[in-house]
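Peer 1: See coords-v2.cif below, with mmCIF, C-alpha atoms (C1' of nucleotides).
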data_final
#
loop_
_atom_site.label_atom_id
_atom_site.label_comp_id
_atom_site.auth_asym_id
_atom_site.auth_seq_id
_atom_site.Cartn_x
_atom_site.Cartn_y
_atom_site.Cartn_z
CA MET A 733 34.73 19.64 -6.65
CA GLU A 734 32.89 19.96 -3.40
CA ARG A 735 29.70 21.87 -3.70
CA LYS A 736 27.03 22.54 -1.15
CA PRO A 737 23.63 20.90 -1.55
CA THR A 738 20.98 22.98 -3.19
CA ASP A 739 17.93 24.24 -1.33
CA PHE A 740 15.87 21.64 -3.10
CA GLU A 741 18.15 18.81 -2.01
CA SER A 742 18.11 20.06 1.55
CA ARG A 743 14.33 19.88 1.50
CA VAL A 744 14.44 16.33 0.20
CA TYR A 745 16.92 15.23 2.85
CA GLU A 746 14.84 16.86 5.53
CA VAL A 747 11.67 15.05 4.51
CA VAL A 748 13.43 11.71 4.08
CA SER A 749 15.16 12.02 7.44
CA ARG A 750 11.70 12.39 9.01
CA ILE A 751 10.86 8.80 8.11
CA PRO A 752 10.90 6.91 11.42
CA MET A 753 12.63 3.60 11.77
CA GLY A 754 10.58 0.64 10.66
CA LYS A 755 8.71 2.80 8.18
CA ILE A 756 9.25 3.58 4.50
CA SER A 757 7.97 5.95 1.88
CA THR A 758 7.94 6.39 -1.88
CA TYR A 759 9.56 8.88 -4.22
CA GLY A 760 6.17 10.06 -5.33
CA GLU A 761 4.93 10.72 -1.79
CA ILE A 762 8.07 12.64 -0.93
CA ALA A 763 7.67 14.63 -4.11
CA LYS A 764 4.20 15.56 -2.97
CA GLN A 765 5.54 16.77 0.37
CA LEU A 766 7.85 19.01 -1.59
CA GLY A 767 4.96 20.29 -3.67
CA ILE A 768 6.08 18.74 -6.94
CA ARG A 769 4.81 15.86 -9.05
CA SER A 770 8.13 14.53 -10.19
CA ALA A 771 9.60 11.65 -8.25
CA ARG A 772 12.57 12.01 -10.56
CA ALA A 773 13.69 15.22 -8.91
CA VAL A 774 13.59 13.40 -5.58
CA GLY A 775 15.65 10.58 -7.02
CA GLN A 776 18.17 13.11 -8.24
CA ALA A 777 18.64 14.49 -4.75
CA LEU A 778 18.93 11.05 -3.16
CA ARG A 779 21.29 9.91 -5.87
CA ARG A 780 23.69 12.65 -4.82
CA ASN A 781 22.94 12.06 -1.13
CA PRO A 782 26.10 13.48 0.52
CA TYR A 783 24.69 12.55 3.93
CA ALA A 784 24.54 8.84 3.13
CA PRO A 785 23.91 7.08 6.49
CA THR A 786 22.46 10.26 7.93
CA VAL A 787 19.67 10.33 5.38
CA PRO A 788 17.86 6.95 5.33
CA CYS A 789 17.63 6.82 1.55
CA HIS A 790 17.12 3.05 1.79
CA ARG A 791 13.74 3.71 3.39
CA VAL A 792 12.60 5.20 0.11
CA VAL A 793 11.18 2.78 -2.43
CA ARG A 794 9.26 2.93 -5.68
CA THR A 795 5.49 3.28 -5.83
CA ASP A 796 5.10 -0.38 -6.73
CA GLY A 797 7.01 -1.38 -3.60
CA SER A 798 10.21 -2.42 -5.36
CA ILE A 799 13.54 -1.20 -4.04
CA GLY A 800 14.42 0.55 -7.27
CA GLY A 801 17.91 1.54 -8.27
CA PHE A 802 20.09 2.50 -5.29
CA TYR A 803 23.27 0.89 -6.60
CA GLY A 804 22.30 0.25 -10.16
CA GLU A 805 19.43 -2.16 -9.88
CA ILE A 806 19.58 -5.85 -9.19
CA ALA A 807 23.25 -5.90 -10.16
CA GLY A 808 23.99 -8.63 -7.65
CA ASP A 809 24.22 -8.93 -3.88
CA LEU A 810 24.34 -5.21 -3.24
CA ILE A 811 20.59 -5.00 -3.44
CA ALA A 812 20.33 -7.94 -1.06
CA LYS A 813 22.36 -5.95 1.45
CA LYS A 814 19.75 -3.22 1.28
CA CYS A 815 17.05 -5.73 2.02
CA GLN A 816 18.93 -6.88 5.09
CA MET A 817 19.48 -3.33 6.23
CA LEU A 818 15.76 -2.70 5.97
CA ALA A 819 15.00 -6.01 7.64
CA ALA A 820 17.20 -4.89 10.53
CA GLU A 821 14.81 -1.99 10.99
CA GLY A 822 11.82 -4.26 11.13
CA ILE A 823 10.81 -4.05 7.48
CA SER A 824 10.05 -7.30 5.69
CA PHE A 825 9.73 -8.01 1.99
CA GLU A 826 7.82 -10.03 -0.51
CA GLY A 827 10.57 -10.77 -2.97
CA ASN A 828 11.95 -7.32 -3.64
CA ARG A 829 8.80 -5.52 -2.60
CA VAL A 830 7.68 -4.08 0.70
CA ASP A 831 4.23 -4.13 2.25
CA PHE A 832 2.90 -0.57 2.19
CA SER A 833 -0.15 -1.42 4.29
CA GLN A 834 2.25 -1.98 7.16
CA PHE A 835 5.35 0.09 6.59
CA LEU A 836 4.27 3.12 4.58
CA HIS A 837 4.89 6.22 6.68
CA ASP A 838 1.92 8.46 7.46
CA TRP A 839 3.01 12.06 6.77
CA ASN A 840 -0.11 13.38 8.45
CA SER A 841 0.76 11.90 11.80
"C1'" DG B 855 19.44 29.38 -22.32
"C1'" DA B 856 19.42 24.70 -24.83
"C1'" DC B 857 20.52 19.77 -24.53
"C1'" DA B 858 21.27 15.57 -22.14
"C1'" DT B 859 20.90 12.54 -17.99
"C1'" DG B 860 18.51 10.23 -14.10
"C1'" DA B 861 17.96 6.12 -7.43
"C1'" DC B 862 10.56 7.88 -11.20
"C1'" DC B 863 5.30 7.37 -12.40
"C1'" DC B 864 1.35 6.33 -15.33
"C1'" DG B 865 -1.20 4.61 -19.16
"C1'" DC B 866 -1.62 1.65 -23.24
"C1'" DG B 867 -1.16 -2.62 -26.01
"C1'" DC C 636 4.17 -10.15 -17.49
"C1'" DC C 637 6.92 -7.15 -20.83
"C1'" DG C 638 7.88 -3.21 -23.63
"C1'" DC C 639 7.01 1.60 -25.27
"C1'" DG C 640 6.00 6.48 -24.97
"C1'" DG C 641 4.93 10.75 -22.52
"C1'" DG C 642 5.16 13.67 -18.43
"C1'" DC C 643 7.56 15.48 -14.63
"C1'" DC C 644 11.63 18.31 -12.12
"C1'" DA C 645 16.51 19.49 -10.84
"C1'" DT C 646 21.43 19.22 -12.10
"C1'" DG C 647 25.48 19.44 -15.03
"C1'" DT C 648 27.75 20.41 -19.38
#
The structure given in the file should be rewritten as structure tokens.
Peer 2:
Amino acid sequence: MERKPTDFESRVYEVVSRIPMGKISTYGEIAKQLGIRSARAVGQALRRNPYAPTVPCHRVVRTDGSIGGFYGEIAGDLIAKKCQMLAAEGISFEGNRVDFSQFLHDWNS
DNA sequence: GACATGACCCGCG
DNA sequence: CCGCGGGCCATGT
């Protein structure tokens, strides 16, 4: 059944879509922008993500810099595709982690 | 309204 | 480094 996104999801998509190319953010930071302390709720919204390529969900990573779930964890090459997609935007990795000191988006800017 | 699920985070051992 | 437990919030049944 098709159902419209909730207000909460809309807020999440809005914040995530604000991440500029070549930058990334974390679930926890986004949660803070929304005024909550649960990165889980953010993950829930992104998991549903009906605006897939529109909302750059791949620019959102875990607090420790790892890519996280996306397609069900390091199931195979799918995660590697994500790395390439990010690399295409100018983001580089250390294994499956990103360098926050360079790519973490500054919400105050 | 209660219970279960989930692309999370943090602390402890 | 790995595993375990608790906290957190929204969604679906």
Peer 1: Identify every residue of chain A that has at least one atom within 8 Å of any atom of chain C, counting all atoms listed in the file, and report the result as a ChimeraX atom specification.
Peer 2: /A:768-773,776
Peer 1: Go ahead and save the picked residues with C-alpha atoms, as a short mmCIF file (atom, residue, chain, number, x, y, z; two decimals), keeping the file's coordinate frame.
Peer 2:
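Output file selection_30.cif follows:
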data_model
loop_
_atom_site.label_atom_id
_atom_site.label_comp_id
_atom_site.auth_asym_id
_atom_site.auth_seq_id
_atom_site.Cartn_x
_atom_site.Cartn_y
_atom_site.Cartn_z
CA ILE A 768 6.08 18.74 -6.94
CA ARG A 769 4.81 15.86 -9.05
CA SER A 770 8.13 14.53 -10.19
CA ALA A 771 9.60 11.65 -8.25
CA ARG A 772 12.57 12.01 -10.56
CA ALA A 773 13.69 15.22 -8.91
CA GLN A 776 18.17 13.11 -8.24
#
Peer 1: To one decimal in Å, tell me the separation between C1' of DC866 in chain B and CA of Ile762 in chain A.
Peer 2: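 Calculated distance between C1' of DC866 in chain B and CA of Ile762 in chain A is 26.7 Å.
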Peer 1: Contacts between chain A and chain B, please, where a residue of chain B counts if it comes within 8 Å (with all atoms listed in the file); show its shortest atom pair and distance in Å to one decimal, rows by chain and ascending number, as JSON lines.
Peer 2:
{"residue": "B:DG860", "atom": "C1'", "partner": "A:Gln776", "partner_atom": "CA", "distance": 6.5}
{"residue": "B:DA861", "atom": "C1'", "partner": "A:Gly801", "partner_atom": "CA", "distance": 4.7}
{"residue": "B:DC862", "atom": "C1'", "partner": "A:Arg772", "partner_atom": "CA", "distance": 4.6}
{"residue": "B:DC863", "atom": "C1'", "partner": "A:Ala771", "partner_atom": "CA", "distance": 7.4}
Peer 1: Which residues, written as a VMD selection string, have at least one atom at most 12 Å from range 750-756 of chain A, with all atoms listed in the file counted and residues fewer than 2 positions away on the same chain left out?
Peer 2: chain A and resid 743 to 748 758 to 759 761 to 762 765 786 to 795 797 to 799 817 to 825 829 to 841
Peer 1: Can you work out the spacing between CA of Pro737 in chain A and CA of Pro782 in chain A in Å, to one decimal?
Peer 2: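 Interatomic distance, CA of Pro737 in chain A to CA of Pro782 in chain A: 8.1 Å.
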Peer 1: What is the C1' of DG855 in chain B to CA of Lys736 in chain A distance in Å?
Peer 2: 23.5 Å
